[in-house]
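Below is one structure, written out as structure tokens, with a few remarks after it.
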Amino acid sequence: MKKITLMGGFLMVLLSVFSCKEGLESEIFGELNPTSFPSTESEYELYTMEVYVPFSSKWPYNDGGTKYHFFALEEGHVQLYDFPTDIMTVFTAWGGGWENPSRGNFEPYIGAPRNRSHFEKVRFVSRTTSIIGELEEAPDDVFTNSALQQQLLGEAHMARGWTMFRMLQMFGPVPVILDPELIGDPEAEADVTRPSRANYVAAIEADLQFAIDNLPEAPEQYGRFNRGLALTIMMRLHMHEKNFTDAEAVGREIQGMGYALVNDYESLFREATDINSETIWAVTTDPASQGRGGNGNFNAYSYYCRPGNFPGKGGWSDVFSAPWDFYDSFDPADARRTLLVDSYVDGGGTTHDRTTGLRGAIFNKYAPEGDGGFQAADIVIARYADVLLLLAEAINENNGGPTQEAVDLLNDVRDRAGVSLYALADFASQDAFNDAILQERAWELYFEGLRLPDLIRHGKWPSAVGTVAGKQPGPSVWPIPQYAVEDGVEQNAEYAN
């Protein structure tokens, strides 16, 4: 299967000619003539690749003006959804922009400037709406392969629905334009009314369902959106909204697609085996990339996780780490704990561990490989173990307590980790099983950007976070930035004066 990194030079051609104005609308400018481009099947495909821009991994300030990428090394999924929680320590080294979210305090983001806020992704939604309109209105003689046209539309709907879901997780419903005919309409673009939650969620579901119906299970180019990803994000959306009935149905559909847990947990995060039976979708990376404008995606997590004096390839002098309580919560036999390093000896022979001031265990899911300065492995975003645990949780919720099937799904994940298995009799109640699921998800999915939604769904925010030294959790939802409030967007109640 051919592997593609979608943020290479060909996509940057598009980024150089497409931009957005300060409202919700998009604007096209530059050397390409919008009256003649796109005009061929291949040009329409190239044109559609713009929808992948937010779903990439680069250094910050390189995403075409709508900071940040969702999977960037800074302000990406790990910092958005793991950094503030009980599985990462407080990070004080680089100032308030890092320290505040690591404490679980999102209030300072009220002051985020327009070019440093994920709220700006409302413009990407409008841009994708415009692309959808262009694809729908393509002349009849352009596409020799109608299936390609539907796939491209599926990719665009996937990008729009996923973006809206991530915005929902951060801010709640946000104002968006979903009708291509309204792009460029002054009245529509001036309307910054936040939709009802029901309508907003229904719009996400519609986009994701279109993607489910039109994306291939195995695209010719690995790294493009696929049907399994669309189903997984739909399942996460249903779980987020506590629609456990539909979540269970989607989970069962994914079960029938042929995914399977790999035998070796560590192999999921290594270059030679990052295409496997368990990974549903990952950010594909280029080991030679430096993470700059025209480069492909890259993986530089070692810089944020491995101290500068770490043997082999080190990183910054101050790095992310896991609380010792989290490290100690693992069974010592758990294969997943081996990717958390509790001690090391530097080049001068000095041992660094908890007794000598090491702040926490070192995240080593993505170990540096090869001759380059960065990791070579793809960044895992959706995998089958997540689906199995969500399905077990949904079954428990729908049945008022665990079933043998739910316990078996949980045990499938535990068995791979090499730890003891549960019996149905081990769970006296629905809550007891949910607690076990939440804990298992922490052990299985740490440093994959899923913890905050899990804690919110289980009603453990902020109680679980408050157990970590220095954490000062506030509201789980982010504030609408002040510049958007001044534009007329209603502030979230948790931050309203």
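Numbering starts fresh at 1 for the residues of each chain in the structure tokens, the chains themselves are lettered A, B, ... in the order given, and ligands are numbered from 1 as they appear.
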Checklist line | Spatial neighbours of stretch 76-85 of chain A, 8 Å, only C-alpha atoms, chain gap at least 3 places, as number ranges by chain | finding: A: 68-73, 88-89, 101-105, 446-453, 464-465, 471, 473
Since we have the selection now, will you write its residues out, keeping N, CA and C atoms, as a PDB file, in the first residue's frame?
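Dumped everything to again_6.pdb:
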ATOM      1  N   TYR A  68      -4.019  26.418  15.453  1.00  0.00           N
ATOM      2  CA  TYR A  68      -2.934  25.512  15.110  1.00  0.00           C
ATOM      3  C   TYR A  68      -3.484  24.291  14.360  1.00  0.00           C
ATOM      4  N   HIS A  69      -2.563  23.408  13.930  1.00  0.00           N
ATOM      5  CA  HIS A  69      -2.983  22.094  13.473  1.00  0.00           C
ATOM      6  C   HIS A  69      -3.596  21.345  14.655  1.00  0.00           C
ATOM      7  N   PHE A  70      -4.525  20.451  14.388  1.00  0.00           N
ATOM      8  CA  PHE A  70      -5.090  19.660  15.477  1.00  0.00           C
ATOM      9  C   PHE A  70      -4.089  18.650  16.031  1.00  0.00           C
ATOM     10  N   PHE A  71      -3.115  18.258  15.228  1.00  0.00           N
ATOM     11  CA  PHE A  71      -2.158  17.256  15.683  1.00  0.00           C
ATOM     12  C   PHE A  71      -0.738  17.787  15.680  1.00  0.00           C
ATOM     13  N   ALA A  72      -0.615  19.109  15.835  1.00  0.00           N
ATOM     14  CA  ALA A  72       0.697  19.724  15.937  1.00  0.00           C
ATOM     15  C   ALA A  72       1.370  19.301  17.234  1.00  0.00           C
ATOM     16  N   LEU A  73       2.666  19.530  17.291  1.00  0.00           N
ATOM     17  CA  LEU A  73       3.407  19.217  18.512  1.00  0.00           C
ATOM     18  C   LEU A  73       3.070  20.191  19.634  1.00  0.00           C
ATOM     19  N   MET A  88      -0.699  13.642  33.139  1.00  0.00           N
ATOM     20  CA  MET A  88       0.494  14.438  32.862  1.00  0.00           C
ATOM     21  C   MET A  88       0.735  15.404  34.014  1.00  0.00           C
ATOM     22  N   THR A  89       1.997  15.637  34.311  1.00  0.00           N
ATOM     23  CA  THR A  89       2.366  16.527  35.406  1.00  0.00           C
ATOM     24  C   THR A  89       2.214  17.985  34.976  1.00  0.00           C
ATOM     25  N   PRO A 101      -2.595  25.637  30.870  1.00  0.00           N
ATOM     26  CA  PRO A 101      -3.358  24.455  30.459  1.00  0.00           C
ATOM     27  C   PRO A 101      -2.891  23.177  31.150  1.00  0.00           C
ATOM     28  N   SER A 102      -1.609  23.091  31.490  1.00  0.00           N
ATOM     29  CA  SER A 102      -1.146  21.886  32.192  1.00  0.00           C
ATOM     30  C   SER A 102      -1.745  21.789  33.588  1.00  0.00           C
ATOM     31  N   ARG A 103      -2.181  22.929  34.131  1.00  0.00           N
ATOM     32  CA  ARG A 103      -2.872  22.908  35.419  1.00  0.00           C
ATOM     33  C   ARG A 103      -4.368  22.662  35.255  1.00  0.00           C
ATOM     34  N   GLY A 104      -4.842  22.622  34.014  1.00  0.00           N
ATOM     35  CA  GLY A 104      -6.273  22.457  33.774  1.00  0.00           C
ATOM     36  C   GLY A 104      -7.020  23.762  33.790  1.00  0.00           C
ATOM     37  N   ASN A 105      -6.305  24.855  33.565  1.00  0.00           N
ATOM     38  CA  ASN A 105      -6.892  26.192  33.621  1.00  0.00           C
ATOM     39  C   ASN A 105      -6.911  26.783  32.209  1.00  0.00           C
ATOM     40  N   TYR A 446      -2.856   6.390  27.058  1.00  0.00           N
ATOM     41  CA  TYR A 446      -2.157   7.588  27.510  1.00  0.00           C
ATOM     42  C   TYR A 446      -1.298   8.158  26.379  1.00  0.00           C
ATOM     43  N   PHE A 447      -1.202   9.469  26.373  1.00  0.00           N
ATOM     44  CA  PHE A 447      -0.429  10.236  25.396  1.00  0.00           C
ATOM     45  C   PHE A 447      -0.965  10.063  23.975  1.00  0.00           C
ATOM     46  N   GLU A 448      -2.263   9.812  23.859  1.00  0.00           N
ATOM     47  CA  GLU A 448      -2.899   9.725  22.549  1.00  0.00           C
ATOM     48  C   GLU A 448      -4.039  10.736  22.417  1.00  0.00           C
ATOM     49  N   GLY A 449      -4.153  11.655  23.397  1.00  0.00           N
ATOM     50  CA  GLY A 449      -5.077  12.764  23.259  1.00  0.00           C
ATOM     51  C   GLY A 449      -6.541  12.403  23.457  1.00  0.00           C
ATOM     52  N   LEU A 450      -6.846  11.540  24.436  1.00  0.00           N
ATOM     53  CA  LEU A 450      -8.228  11.108  24.654  1.00  0.00           C
ATOM     54  C   LEU A 450      -8.687  11.255  26.105  1.00  0.00           C
ATOM     55  N   ARG A 451      -7.812  11.654  26.986  1.00  0.00           N
ATOM     56  CA  ARG A 451      -8.127  11.583  28.416  1.00  0.00           C
ATOM     57  C   ARG A 451      -9.185  12.598  28.856  1.00  0.00           C
ATOM     58  N   LEU A 452      -9.088  13.861  28.417  1.00  0.00           N
ATOM     59  CA  LEU A 452     -10.043  14.865  28.877  1.00  0.00           C
ATOM     60  C   LEU A 452     -11.477  14.499  28.497  1.00  0.00           C
ATOM     61  N   PRO A 453     -11.765  14.130  27.242  1.00  0.00           N
ATOM     62  CA  PRO A 453     -13.136  13.695  26.934  1.00  0.00           C
ATOM     63  C   PRO A 453     -13.590  12.509  27.768  1.00  0.00           C
ATOM     64  N   ALA A 464     -10.779  13.950  39.396  1.00  0.00           N
ATOM     65  CA  ALA A 464      -9.589  13.145  39.148  1.00  0.00           C
ATOM     66  C   ALA A 464      -8.361  14.013  38.960  1.00  0.00           C
ATOM     67  N   VAL A 465      -8.539  15.170  38.332  1.00  0.00           N
ATOM     68  CA  VAL A 465      -7.410  16.038  38.028  1.00  0.00           C
ATOM     69  C   VAL A 465      -6.878  16.696  39.297  1.00  0.00           C
ATOM     70  N   LYS A 471      -2.257  20.835  40.084  1.00  0.00           N
ATOM     71  CA  LYS A 471      -3.362  21.015  39.140  1.00  0.00           C
ATOM     72  C   LYS A 471      -4.431  21.893  39.780  1.00  0.00           C
ATOM     73  N   PRO A 473      -7.845  22.624  38.263  1.00  0.00           N
ATOM     74  CA  PRO A 473      -8.815  22.529  37.162  1.00  0.00           C
ATOM     75  C   PRO A 473      -9.980  23.494  37.303  1.00  0.00           C
TER      76      PRO A 473
END
Cut-off 7 Å: closest stretch 328-432 of chain A/stretch 252-264 of chain A atom pairs per residue, using only C-alpha atoms, as JSON lines:
{"residue": "A:Tyr384", "atom": "CA", "partner": "A:Tyr259", "partner_atom": "CA", "distance": 6.5}
{"residue": "A:Ala385", "atom": "CA", "partner": "A:Leu261", "partner_atom": "CA", "distance": 6.7}
{"residue": "A:Arg416", "atom": "CA", "partner": "A:Asn263", "partner_atom": "CA", "distance": 6.2}
Write the residues of the preceding selection, restricted to N, CA and C atoms, as a compact mmCIF listing (two decimals), in the first residue's frame.
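Output contents, as saved in again_10.txt:
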# COMPACT_ATOMS: atom_id res chain seq x y z
N TYR A 384 -8.08 0.33 17.09
CA TYR A 384 -9.15 -0.60 17.43
C TYR A 384 -9.31 -0.81 18.93
N ALA A 385 -8.24 -0.71 19.70
CA ALA A 385 -8.36 -0.87 21.15
C ALA A 385 -9.29 0.17 21.74
N ARG A 416 -3.73 -8.57 25.85
CA ARG A 416 -2.58 -8.13 25.04
C ARG A 416 -1.51 -7.47 25.91
Check: Near A:Asp274, counting only C-alpha atoms, which residues have an atom at most 12 Å away, once you skip same-chain residues fewer than 6 positions from it, shown as a list in words?
Finding: Lys3, Tyr222, Gly223, Val262, Asp264, Tyr265, Glu266, Ser267, Leu268, Ile280, Trp281, Ala282, Val283, Thr284, Thr285, Tyr366, Ala376, Ala377, Asp378, Ile379, Val380, Ile381 and Arg383 of chain A
Note to self: Excluding A:Ala147 and its own-chain neighbours fewer than 6 positions away, which residues fall within 12 Å of it when counting only C-alpha atoms? Please give them as a list in words.
What the structure shows: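 In the requested form, the answer reads Glu41, Leu153, Gly154, Asp213, Asn214, Leu215 and Pro216 of chain A.
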Prev. selection, C-alpha atoms, output as an mmCIF file, in the first residue's frame:
data_model
loop_
_atom_site.group_PDB
_atom_site.id
_atom_site.type_symbol
_atom_site.label_atom_id
_atom_site.label_comp_id
_atom_site.auth_asym_id
_atom_site.auth_seq_id
_atom_site.Cartn_x
_atom_site.Cartn_y
_atom_site.Cartn_z
ATOM 1 C CA GLU A 41 -10.320 15.514 -12.549
ATOM 2 C CA LEU A 153 -16.813 14.671 -1.270
ATOM 3 C CA GLY A 154 -16.494 12.063 1.480
ATOM 4 C CA ASP A 213 -21.217 6.104 3.019
ATOM 5 C CA ASN A 214 -18.601 7.353 0.547
ATOM 6 C CA LEU A 215 -15.092 6.745 1.874
ATOM 7 C CA PRO A 216 -13.245 3.541 0.935
#
Check: Of the residues A:Phe106, A:Phe165, A:Tyr304, A:Phe244, which is the one nearest to A:Gln472, using only C-alpha atoms?
Finding: A:Phe106
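Computed from the coordinates, the atom CA of A:Ser277 to atom CA of A:Ala417 distance equals 16.6 Å.
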Note to self: Calculated over only C-alpha atoms, which of the candidates A:Glu444, A:Asp426, A:Glu271, A:Glu189 has the smallest distance to A:Val407?
What the structure shows: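 Checking each of A:Glu444, A:Asp426, A:Glu271, A:Glu189 against A:Val407, counting only C-alpha atoms, the winner is A:Asp426.
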Next item on the list: For atom CA of A:Arg116 and atom CA of A:Phe171, determine how far apart the two atoms are, in Å to one decimal place.
Entry: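 Interatomic distance, atom CA of A:Arg116 to atom CA of A:Phe171: 15.0 Å.
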Note to self: Taking 5 positions as the minimum chain separation for residues in the same chain, which residues sit within 9 Å of A:Leu340 when counting only C-alpha atoms? Answer as a list in words.
What the structure shows: Ser321, Ala322, Tyr327, Ala361, Ile362, Phe363, Asn364 and Lys365 of chain A
Next item on the list: Compile the contact shell of A:Ile131 as number ranges by chain: residues with an atom at most 8 Å away, counting only C-alpha atoms, same-chain residues fewer than 4 positions apart removed.
Entry: A: 47-48, 127, 135, 156
The selected residues should be written to file as a PDB file, in the first residue's frame (atoms: N, CA and C atoms).
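Printed below is part.pdb as written:
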ATOM      1  N   TYR A  47      -7.207  19.958  -5.447  1.00  0.00           N
ATOM      2  CA  TYR A  47      -7.968  21.020  -4.775  1.00  0.00           C
ATOM      3  C   TYR A  47      -8.553  20.521  -3.457  1.00  0.00           C
ATOM      4  N   THR A  48      -9.069  19.295  -3.462  1.00  0.00           N
ATOM      5  CA  THR A  48      -9.714  18.738  -2.270  1.00  0.00           C
ATOM      6  C   THR A  48      -8.716  18.433  -1.168  1.00  0.00           C
ATOM      7  N   ARG A 127     -14.387  27.246   4.603  1.00  0.00           N
ATOM      8  CA  ARG A 127     -13.562  26.909   3.437  1.00  0.00           C
ATOM      9  C   ARG A 127     -13.942  25.515   2.913  1.00  0.00           C
ATOM     10  N   LEU A 135     -17.122  20.810  -5.594  1.00  0.00           N
ATOM     11  CA  LEU A 135     -17.182  19.409  -6.016  1.00  0.00           C
ATOM     12  C   LEU A 135     -18.577  19.029  -6.495  1.00  0.00           C
ATOM     13  N   ALA A 156     -14.047  15.610   2.114  1.00  0.00           N
ATOM     14  CA  ALA A 156     -14.387  16.973   2.534  1.00  0.00           C
ATOM     15  C   ALA A 156     -15.399  16.960   3.678  1.00  0.00           C
TER      16      ALA A 156
END
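If you look at atom CA of A:Thr163 and atom CA of A:Glu217, they are 20.8 Å away from each other.
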Margin query: Need to verify the contact set: A:Phe427, 12 Å, only C-alpha atoms, exclusion of same-chain residues closer than 5 positions in sequence. Can you return it as a list in words?
Written below: Asn396, Gly401, Pro402, Thr403, Gln404, Ala406, Val407, Tyr422, Ala432, Phe433, Asn434, Asp435, Ala436 and Ile437 of chain A
Next item on the list: Enumerate the residues of stretch 199-448 of chain A with a DSSP assignment of strand (DSSP E), computed from the backbone, and present them as a list in words.
Entry: Gln221, Tyr222, Thr279, Ile280, Trp281, Ala282, Val283, Leu340, Val341, Tyr344, Val345, Thr351, His352, Ile362, Phe363, Ile379, Val380, Ile381, Ala382 and Arg383 of chain A
Check: Could you pull out all residues of stretch 117-306 of chain A with a DSSP call of alpha helix (DSSP H) and give them as a ChimeraX atom specification?
Finding: /A:121-136,146-171,186-190,197-214,227-240,244-255,301-305
Notebook entry, point to check: Nearest to A:Ala198: which of A:Glu241, A:Asp141, A:Asp179, A:Asp286 is it, counting only C-alpha atoms?
Noted result: A:Glu241
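Using only C-alpha atoms, the shortest contact distance between A:Thr92 and any of A:Arg359, A:Arg114, A:Arg414, A:Arg336 is found at A:Arg359.
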Checklist line | Distance criterion (only C-alpha atoms): nearest to A:Ala190 out of A:Arg292, A:Asp487, A:Ser57, A:Ala112 | finding: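 Of all the options, A:Asp487 lies closest to A:Ala190.
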